[in-house]
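Down below is the structure, laid out as structure tokens.
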Amino acid sequence: GQSLEQPSEVTAVEGAIVQINCTYQTSGFYGLSWYQQHDGGAPTFLSYNGLDGLEETGRFSSFLSRSDSYGYLLLQELQMKDSASYFCAVPLISSGSARQLTFGSGTQLTVLP
Amino acid sequence: NAGVTQTPKFRVLKTGQSMTLLCAQDMNHEYMYWYRQDPGMGLRLIHYSVGEGTTAKGEVPDGYNVSRLKKQNFLLGLESAAPSQTSVYFCASRERGKRGTGELFFGEGSRLTVL
């Protein structure tokens, strides 16, 4: 089977740094993606890690450790607009192909003033 | 820049009624997906398509059918709606290949209530 675990809720104050963790169990692995969703709207792609280490995109960074089956999304200089749900996702590998993407249950981030 | 467009955005059905959700993308993507999202359960894959004329089952396919007659359109059908199908449905598309790393582009969602 395939499963992803992430915390259901995280709360932080404006200007702070917050880390959202994701652990996964998969048969085969190509990489870990992160998506953001505001108020039930369309999820949008944030980042992808195919190799171990940190990927930085502005205030957001994403980290992957394949040996630990673990990754995290780091949000710096938090702003009110960062209040949203964040999902980690991994491809489902079948017969060498990775056509499906499996999502975690999501982490609701609340940024307080 | 329409991207992925879903219609309708809202619908209320009675148990046993049928309906079709339409997804259209203008990015010439090969792969298209239908997900459902329920509170606390994230996005679960219903069906997907890797090209015109092809469809495949996802994680939760029961009670749904799909068709991909044209590359840009992916239809999701409910033949006999049940209250358990009350959910928000998202369509998504992406480029072919890239070993699952390609970015998924989502529509704004279709909110379905079955009474």
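Note on naming: chains are A, B, ... as they come in the structure tokens, residues start from 1 per chain, ligands start from 1 in the order shown.
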
TODO: Up to 7 Å from chain B, what residues of chain A turn up? Count only C-alpha atoms and give them as a ChimeraX atom specification.
DONE: /A:30-31,41-45,91,97-99,101,103-106

Residues flagged strand (DSSP E or B) by DSSP in chain B, as an mmCIF file with N, CA, C and O atoms, in the first residue's frame:
data_model
loop_
_atom_site.group_PDB
_atom_site.id
_atom_site.type_symbol
_atom_site.label_atom_id
_atom_site.label_comp_id
_atom_site.auth_asym_id
_atom_site.auth_seq_id
_atom_site.Cartn_x
_atom_site.Cartn_y
_atom_site.Cartn_z
ATOM 1 N N VAL B 4 -7.832 24.901 -16.422
ATOM 2 C CA VAL B 4 -8.768 23.792 -16.249
ATOM 3 C C VAL B 4 -10.107 24.370 -15.796
ATOM 4 O O VAL B 4 -10.156 25.091 -14.801
ATOM 5 N N THR B 5 -11.154 24.068 -16.534
ATOM 6 C CA THR B 5 -12.475 24.606 -16.238
ATOM 7 C C THR B 5 -13.447 23.483 -15.941
ATOM 8 O O THR B 5 -13.534 22.519 -16.711
ATOM 9 N N GLN B 6 -14.163 23.609 -14.848
ATOM 10 C CA GLN B 6 -15.147 22.591 -14.465
ATOM 11 C C GLN B 6 -16.554 23.187 -14.507
ATOM 12 O O GLN B 6 -16.770 24.321 -14.084
ATOM 13 N N THR B 7 -17.495 22.400 -15.006
ATOM 14 C CA THR B 7 -18.907 22.783 -14.961
ATOM 15 C C THR B 7 -19.755 21.575 -14.606
ATOM 16 O O THR B 7 -19.451 20.447 -15.038
ATOM 17 N N PHE B 10 -21.736 24.142 -8.890
ATOM 18 C CA PHE B 10 -22.587 23.701 -7.796
ATOM 19 C C PHE B 10 -23.745 22.889 -8.373
ATOM 20 O O PHE B 10 -24.252 23.204 -9.445
ATOM 21 N N ARG B 11 -24.158 21.852 -7.614
ATOM 22 C CA ARG B 11 -25.313 21.065 -8.061
ATOM 23 C C ARG B 11 -25.898 20.354 -6.862
ATOM 24 O O ARG B 11 -25.167 19.838 -6.009
ATOM 25 N N VAL B 12 -27.219 20.322 -6.809
ATOM 26 C CA VAL B 12 -27.921 19.545 -5.797
ATOM 27 C C VAL B 12 -28.735 18.473 -6.507
ATOM 28 O O VAL B 12 -29.486 18.777 -7.439
ATOM 29 N N LEU B 13 -28.574 17.251 -6.079
ATOM 30 C CA LEU B 13 -29.261 16.126 -6.689
ATOM 31 C C LEU B 13 -30.088 15.382 -5.650
ATOM 32 O O LEU B 13 -29.779 15.433 -4.452
ATOM 33 N N MET B 19 -26.092 12.511 -13.236
ATOM 34 C CA MET B 19 -25.552 13.774 -13.710
ATOM 35 C C MET B 19 -24.135 13.560 -14.251
ATOM 36 O O MET B 19 -23.513 12.518 -13.993
ATOM 37 N N THR B 20 -23.669 14.537 -14.979
ATOM 38 C CA THR B 20 -22.321 14.511 -15.541
ATOM 39 C C THR B 20 -21.605 15.798 -15.213
ATOM 40 O O THR B 20 -22.155 16.892 -15.374
ATOM 41 N N LEU B 21 -20.376 15.653 -14.738
ATOM 42 C CA LEU B 21 -19.491 16.793 -14.530
ATOM 43 C C LEU B 21 -18.530 16.867 -15.710
ATOM 44 O O LEU B 21 -17.974 15.851 -16.132
ATOM 45 N N LEU B 22 -18.336 18.095 -16.206
ATOM 46 C CA LEU B 22 -17.470 18.284 -17.354
ATOM 47 C C LEU B 22 -16.194 18.998 -16.941
ATOM 48 O O LEU B 22 -16.233 19.969 -16.184
ATOM 49 N N CYS B 23 -15.084 18.495 -17.420
ATOM 50 C CA CYS B 23 -13.793 19.136 -17.220
ATOM 51 C C CYS B 23 -13.171 19.422 -18.578
ATOM 52 O O CYS B 23 -13.115 18.520 -19.429
ATOM 53 N N ALA B 24 -12.710 20.642 -18.761
ATOM 54 C CA ALA B 24 -12.064 21.018 -20.008
ATOM 55 C C ALA B 24 -10.745 21.705 -19.697
ATOM 56 O O ALA B 24 -10.683 22.560 -18.818
ATOM 57 N N GLN B 25 -9.690 21.309 -20.440
ATOM 58 C CA GLN B 25 -8.377 21.950 -20.267
ATOM 59 C C GLN B 25 -7.858 22.405 -21.622
ATOM 60 O O GLN B 25 -8.055 21.742 -22.639
ATOM 61 N N TYR B 31 -2.558 13.866 -19.636
ATOM 62 C CA TYR B 31 -3.149 13.207 -18.466
ATOM 63 C C TYR B 31 -4.223 14.086 -17.826
ATOM 64 O O TYR B 31 -4.009 15.287 -17.636
ATOM 65 N N MET B 32 -5.319 13.439 -17.466
ATOM 66 C CA MET B 32 -6.381 14.146 -16.748
ATOM 67 C C MET B 32 -6.904 13.269 -15.617
ATOM 68 O O MET B 32 -6.865 12.030 -15.711
ATOM 69 N N TYR B 33 -7.403 13.903 -14.566
ATOM 70 C CA TYR B 33 -7.758 13.203 -13.333
ATOM 71 C C TYR B 33 -9.059 13.771 -12.758
ATOM 72 O O TYR B 33 -9.334 14.962 -12.887
ATOM 73 N N TRP B 34 -9.797 12.893 -12.072
ATOM 74 C CA TRP B 34 -10.901 13.329 -11.235
ATOM 75 C C TRP B 34 -10.622 12.887 -9.799
ATOM 76 O O TRP B 34 -10.384 11.704 -9.527
ATOM 77 N N TYR B 35 -10.644 13.872 -8.886
ATOM 78 C CA TYR B 35 -10.475 13.621 -7.461
ATOM 79 C C TYR B 35 -11.756 14.043 -6.746
ATOM 80 O O TYR B 35 -12.483 14.919 -7.206
ATOM 81 N N ARG B 36 -11.983 13.455 -5.587
ATOM 82 C CA ARG B 36 -12.991 13.967 -4.689
ATOM 83 C C ARG B 36 -12.325 14.355 -3.374
ATOM 84 O O ARG B 36 -11.322 13.742 -2.954
ATOM 85 N N GLN B 37 -12.887 15.376 -2.742
ATOM 86 C CA GLN B 37 -12.317 15.852 -1.493
ATOM 87 C C GLN B 37 -13.403 15.927 -0.445
ATOM 88 O O GLN B 37 -14.389 16.645 -0.612
ATOM 89 N N LEU B 43 -7.429 14.541 -0.864
ATOM 90 C CA LEU B 43 -7.889 14.316 -2.228
ATOM 91 C C LEU B 43 -7.744 12.841 -2.567
ATOM 92 O O LEU B 43 -6.658 12.283 -2.454
ATOM 93 N N ARG B 44 -8.831 12.232 -2.987
ATOM 94 C CA ARG B 44 -8.793 10.816 -3.355
ATOM 95 C C ARG B 44 -9.120 10.669 -4.842
ATOM 96 O O ARG B 44 -10.097 11.228 -5.330
ATOM 97 N N LEU B 45 -8.317 9.884 -5.519
ATOM 98 C CA LEU B 45 -8.441 9.742 -6.967
ATOM 99 C C LEU B 45 -9.581 8.802 -7.329
ATOM 100 O O LEU B 45 -9.659 7.673 -6.851
ATOM 101 N N ILE B 46 -10.465 9.266 -8.206
ATOM 102 C CA ILE B 46 -11.616 8.470 -8.627
ATOM 103 C C ILE B 46 -11.265 7.690 -9.897
ATOM 104 O O ILE B 46 -11.299 6.465 -9.936
ATOM 105 N N HIS B 47 -10.979 8.431 -10.963
ATOM 106 C CA HIS B 47 -10.569 7.861 -12.246
ATOM 107 C C HIS B 47 -9.560 8.797 -12.881
ATOM 108 O O HIS B 47 -9.501 9.978 -12.532
ATOM 109 N N TYR B 48 -8.818 8.266 -13.844
ATOM 110 C CA TYR B 48 -7.896 9.119 -14.563
ATOM 111 C C TYR B 48 -7.776 8.643 -16.008
ATOM 112 O O TYR B 48 -8.260 7.556 -16.364
ATOM 113 N N SER B 49 -7.125 9.463 -16.805
ATOM 114 C CA SER B 49 -6.956 9.153 -18.225
ATOM 115 C C SER B 49 -5.564 9.594 -18.659
ATOM 116 O O SER B 49 -5.129 10.692 -18.302
ATOM 117 N N ALA B 56 -8.846 4.876 -16.652
ATOM 118 C CA ALA B 56 -8.413 3.872 -15.696
ATOM 119 C C ALA B 56 -8.980 4.221 -14.331
ATOM 120 O O ALA B 56 -9.278 5.388 -14.052
ATOM 121 N N LYS B 57 -9.105 3.193 -13.482
ATOM 122 C CA LYS B 57 -9.665 3.393 -12.156
ATOM 123 C C LYS B 57 -8.608 3.910 -11.194
ATOM 124 O O LYS B 57 -7.440 3.524 -11.262
ATOM 125 N N ASN B 65 -18.490 6.790 -13.509
ATOM 126 C CA ASN B 65 -17.944 6.394 -14.808
ATOM 127 C C ASN B 65 -17.346 7.634 -15.455
ATOM 128 O O ASN B 65 -17.687 8.775 -15.102
ATOM 129 N N VAL B 66 -16.408 7.408 -16.363
ATOM 130 C CA VAL B 66 -15.724 8.525 -17.007
ATOM 131 C C VAL B 66 -15.596 8.244 -18.506
ATOM 132 O O VAL B 66 -15.683 7.108 -18.955
ATOM 133 N N SER B 67 -15.381 9.330 -19.240
ATOM 134 C CA SER B 67 -15.097 9.192 -20.663
ATOM 135 C C SER B 67 -14.159 10.303 -21.108
ATOM 136 O O SER B 67 -14.229 11.428 -20.604
ATOM 137 N N ASN B 73 -11.192 17.181 -23.039
ATOM 138 C CA ASN B 73 -12.334 17.016 -22.142
ATOM 139 C C ASN B 73 -12.300 15.695 -21.395
ATOM 140 O O ASN B 73 -11.937 14.652 -21.951
ATOM 141 N N PHE B 74 -12.719 15.751 -20.135
ATOM 142 C CA PHE B 74 -12.783 14.548 -19.310
ATOM 143 C C PHE B 74 -14.085 14.621 -18.517
ATOM 144 O O PHE B 74 -14.266 15.545 -17.735
ATOM 145 N N LEU B 75 -14.994 13.688 -18.751
ATOM 146 C CA LEU B 75 -16.311 13.720 -18.143
ATOM 147 C C LEU B 75 -16.410 12.716 -17.011
ATOM 148 O O LEU B 75 -15.937 11.576 -17.127
ATOM 149 N N LEU B 76 -17.044 13.136 -15.927
ATOM 150 C CA LEU B 76 -17.297 12.257 -14.789
ATOM 151 C C LEU B 76 -18.802 12.103 -14.638
ATOM 152 O O LEU B 76 -19.510 13.092 -14.488
ATOM 153 N N GLY B 77 -19.275 10.855 -14.655
ATOM 154 C CA GLY B 77 -20.690 10.599 -14.564
ATOM 155 C C GLY B 77 -21.079 9.855 -13.295
ATOM 156 O O GLY B 77 -20.328 9.003 -12.816
ATOM 157 N N LEU B 78 -22.236 10.246 -12.762
ATOM 158 C CA LEU B 78 -22.852 9.521 -11.655
ATOM 159 C C LEU B 78 -24.163 8.966 -12.197
ATOM 160 O O LEU B 78 -25.059 9.746 -12.559
ATOM 161 N N SER B 87 -19.830 15.653 -2.069
ATOM 162 C CA SER B 87 -18.404 15.930 -1.978
ATOM 163 C C SER B 87 -18.063 17.123 -2.865
ATOM 164 O O SER B 87 -18.924 17.672 -3.555
ATOM 165 N N VAL B 88 -16.801 17.508 -2.813
ATOM 166 C CA VAL B 88 -16.280 18.479 -3.773
ATOM 167 C C VAL B 88 -15.404 17.709 -4.754
ATOM 168 O O VAL B 88 -14.513 16.966 -4.339
ATOM 169 N N TYR B 89 -15.671 17.889 -6.023
ATOM 170 C CA TYR B 89 -14.959 17.152 -7.065
ATOM 171 C C TYR B 89 -13.990 18.085 -7.782
ATOM 172 O O TYR B 89 -14.371 19.175 -8.219
ATOM 173 N N PHE B 90 -12.763 17.636 -7.887
ATOM 174 C CA PHE B 90 -11.733 18.414 -8.574
ATOM 175 C C PHE B 90 -11.213 17.655 -9.777
ATOM 176 O O PHE B 90 -10.898 16.467 -9.690
ATOM 177 N N CYS B 91 -11.123 18.369 -10.867
ATOM 178 C CA CYS B 91 -10.475 17.846 -12.060
ATOM 179 C C CYS B 91 -9.071 18.425 -12.108
ATOM 180 O O CYS B 91 -8.829 19.556 -11.650
ATOM 181 N N ALA B 92 -8.139 17.656 -12.646
ATOM 182 C CA ALA B 92 -6.763 18.123 -12.776
ATOM 183 C C ALA B 92 -6.162 17.571 -14.059
ATOM 184 O O ALA B 92 -6.627 16.553 -14.590
ATOM 185 N N SER B 93 -5.125 18.235 -14.533
ATOM 186 C CA SER B 93 -4.425 17.751 -15.716
ATOM 187 C C SER B 93 -2.937 17.986 -15.560
ATOM 188 O O SER B 93 -2.507 18.819 -14.749
ATOM 189 N N ARG B 94 -2.154 17.234 -16.308
ATOM 190 C CA ARG B 94 -0.703 17.469 -16.327
ATOM 191 C C ARG B 94 -0.113 16.944 -17.614
ATOM 192 O O ARG B 94 -0.725 16.166 -18.342
ATOM 193 N N PHE B 105 -2.415 20.665 -12.568
ATOM 194 C CA PHE B 105 -3.188 21.897 -12.628
ATOM 195 C C PHE B 105 -4.647 21.540 -12.332
ATOM 196 O O PHE B 105 -5.223 20.698 -13.018
ATOM 197 N N PHE B 106 -5.198 22.195 -11.315
ATOM 198 C CA PHE B 106 -6.543 21.863 -10.862
ATOM 199 C C PHE B 106 -7.570 22.880 -11.335
ATOM 200 O O PHE B 106 -7.265 24.071 -11.490
ATOM 201 N N SER B 110 -16.164 21.327 -8.219
ATOM 202 C CA SER B 110 -17.620 21.231 -8.402
ATOM 203 C C SER B 110 -18.210 20.676 -7.107
ATOM 204 O O SER B 110 -17.840 19.584 -6.685
ATOM 205 N N ARG B 111 -19.071 21.468 -6.492
ATOM 206 C CA ARG B 111 -19.621 21.097 -5.196
ATOM 207 C C ARG B 111 -20.964 20.413 -5.407
ATOM 208 O O ARG B 111 -21.918 21.058 -5.846
ATOM 209 N N LEU B 112 -21.001 19.124 -5.076
ATOM 210 C CA LEU B 112 -22.188 18.310 -5.315
ATOM 211 C C LEU B 112 -22.801 17.881 -3.991
ATOM 212 O O LEU B 112 -22.104 17.383 -3.109
ATOM 213 N N THR B 113 -24.103 18.102 -3.872
ATOM 214 C CA THR B 113 -24.850 17.636 -2.708
ATOM 215 C C THR B 113 -25.925 16.676 -3.168
ATOM 216 O O THR B 113 -26.688 16.991 -4.093
ATOM 217 N N VAL B 114 -25.967 15.501 -2.552
ATOM 218 C CA VAL B 114 -26.988 14.505 -2.883
ATOM 219 C C VAL B 114 -27.901 14.333 -1.674
ATOM 220 O O VAL B 114 -27.450 13.957 -0.586
#

Name the residues in contact with region 46-52 of chain A at a cut-off of 8 Å, using only C-alpha atoms, excluding same-chain residues fewer than 4 positions from it; report them as a PDB file with C-alpha atoms, in the first residue's frame.
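Written file, selection-v3.pdb:
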ATOM      1  CA  TYR A  30      10.175   9.140  -7.399  1.00  0.00           C
ATOM      2  CA  GLY A  31       9.697  12.278  -5.374  1.00  0.00           C
ATOM      3  CA  LEU A  32       7.598  14.353  -2.986  1.00  0.00           C
ATOM      4  CA  SER A  33       5.393  17.258  -4.022  1.00  0.00           C
ATOM      5  CA  TRP A  34       3.623  19.950  -2.014  1.00  0.00           C
ATOM      6  CA  TYR A  35       0.356  21.705  -2.840  1.00  0.00           C
ATOM      7  CA  GLN A  36      -1.459  24.647  -1.245  1.00  0.00           C
ATOM      8  CA  THR A  57      11.493  29.048  -3.612  1.00  0.00           C
ATOM      9  CA  SER A  61      11.432  25.675   1.164  1.00  0.00           C
ATOM     10  CA  SER A  62      10.923  21.944   0.941  1.00  0.00           C
ATOM     11  CA  PHE A  63      13.187  19.214   2.250  1.00  0.00           C
ATOM     12  CA  LEU A  64      13.444  15.524   1.496  1.00  0.00           C
ATOM     13  CA  SER A  65      15.242  12.619   3.165  1.00  0.00           C
ATOM     14  CA  ARG A  66      14.634   9.471   1.145  1.00  0.00           C
TER      15      ARG A  66
ATOM     16  CA  THR B 101       6.894  14.786 -11.018  1.00  0.00           C
TER      17      THR B 101
END

TODO: Counting only C-alpha atoms, figure out which residue out of A:Gly71, A:Gly40, A:Pro113, A:Gly53 gets nearest to Gln19 (chain A).
DONE: A:Gly71

Open item on the list: Using only C-alpha atoms, which protein or nucleic acid residues come within 6 Å of Leu115 (chain B)? Drop anything in the same chain fewer than 3 positions from it, and give the result as a list in words.
Closed with: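 Contacts, in chain order: Lys14, Thr15 and Pro83 of chain B.
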
TODO: Could you pull out the residues in chain B that DSSP calls helix (DSSP H, G or I) from the backbone, as a list in words?
DONE: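 Residues meeting the helix (DSSP H, G or I) criterion: Pro83, Ser84, Gln85, Lys98, Arg99 and Gly100 of chain B.
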
- [ ] For CA of Glu55 (chain A) and CA of Ser69 (chain A), determine how far apart the two atoms are, in Å to one decimal place.
- [x] 16.5 Å

Task: Top pick for closest residue to Glu9 (chain A), considering A:Met80, A:Leu75, A:Leu109, A:Leu54 and counting only C-alpha atoms - done: A:Leu109

Mind checking which residues fall within 6 Å of Ser18 (chain B), counting only C-alpha atoms, ignoring those fewer than 4 positions away in the same chain, and posting them as a PDB file with N, CA and C atoms, in the first residue's frame?
ATOM      1  N   LEU B  78     -22.236  10.246 -12.762  1.00  0.00           N
ATOM      2  CA  LEU B  78     -22.852   9.521 -11.655  1.00  0.00           C
ATOM      3  C   LEU B  78     -24.163   8.966 -12.197  1.00  0.00           C
ATOM      4  N   GLU B  79     -24.282   7.672 -12.305  1.00  0.00           N
ATOM      5  CA  GLU B  79     -25.475   7.078 -12.900  1.00  0.00           C
ATOM      6  C   GLU B  79     -26.659   7.098 -11.950  1.00  0.00           C
ATOM      7  N   SER B  80     -26.400   6.856 -10.676  1.00  0.00           N
ATOM      8  CA  SER B  80     -27.465   6.829  -9.672  1.00  0.00           C
ATOM      9  C   SER B  80     -26.879   7.394  -8.384  1.00  0.00           C
ATOM     10  N   ALA B  81     -27.055   8.703  -8.206  1.00  0.00           N
ATOM     11  CA  ALA B  81     -26.382   9.395  -7.111  1.00  0.00           C
ATOM     12  C   ALA B  81     -26.834   8.891  -5.749  1.00  0.00           C
TER      13      ALA B  81
END
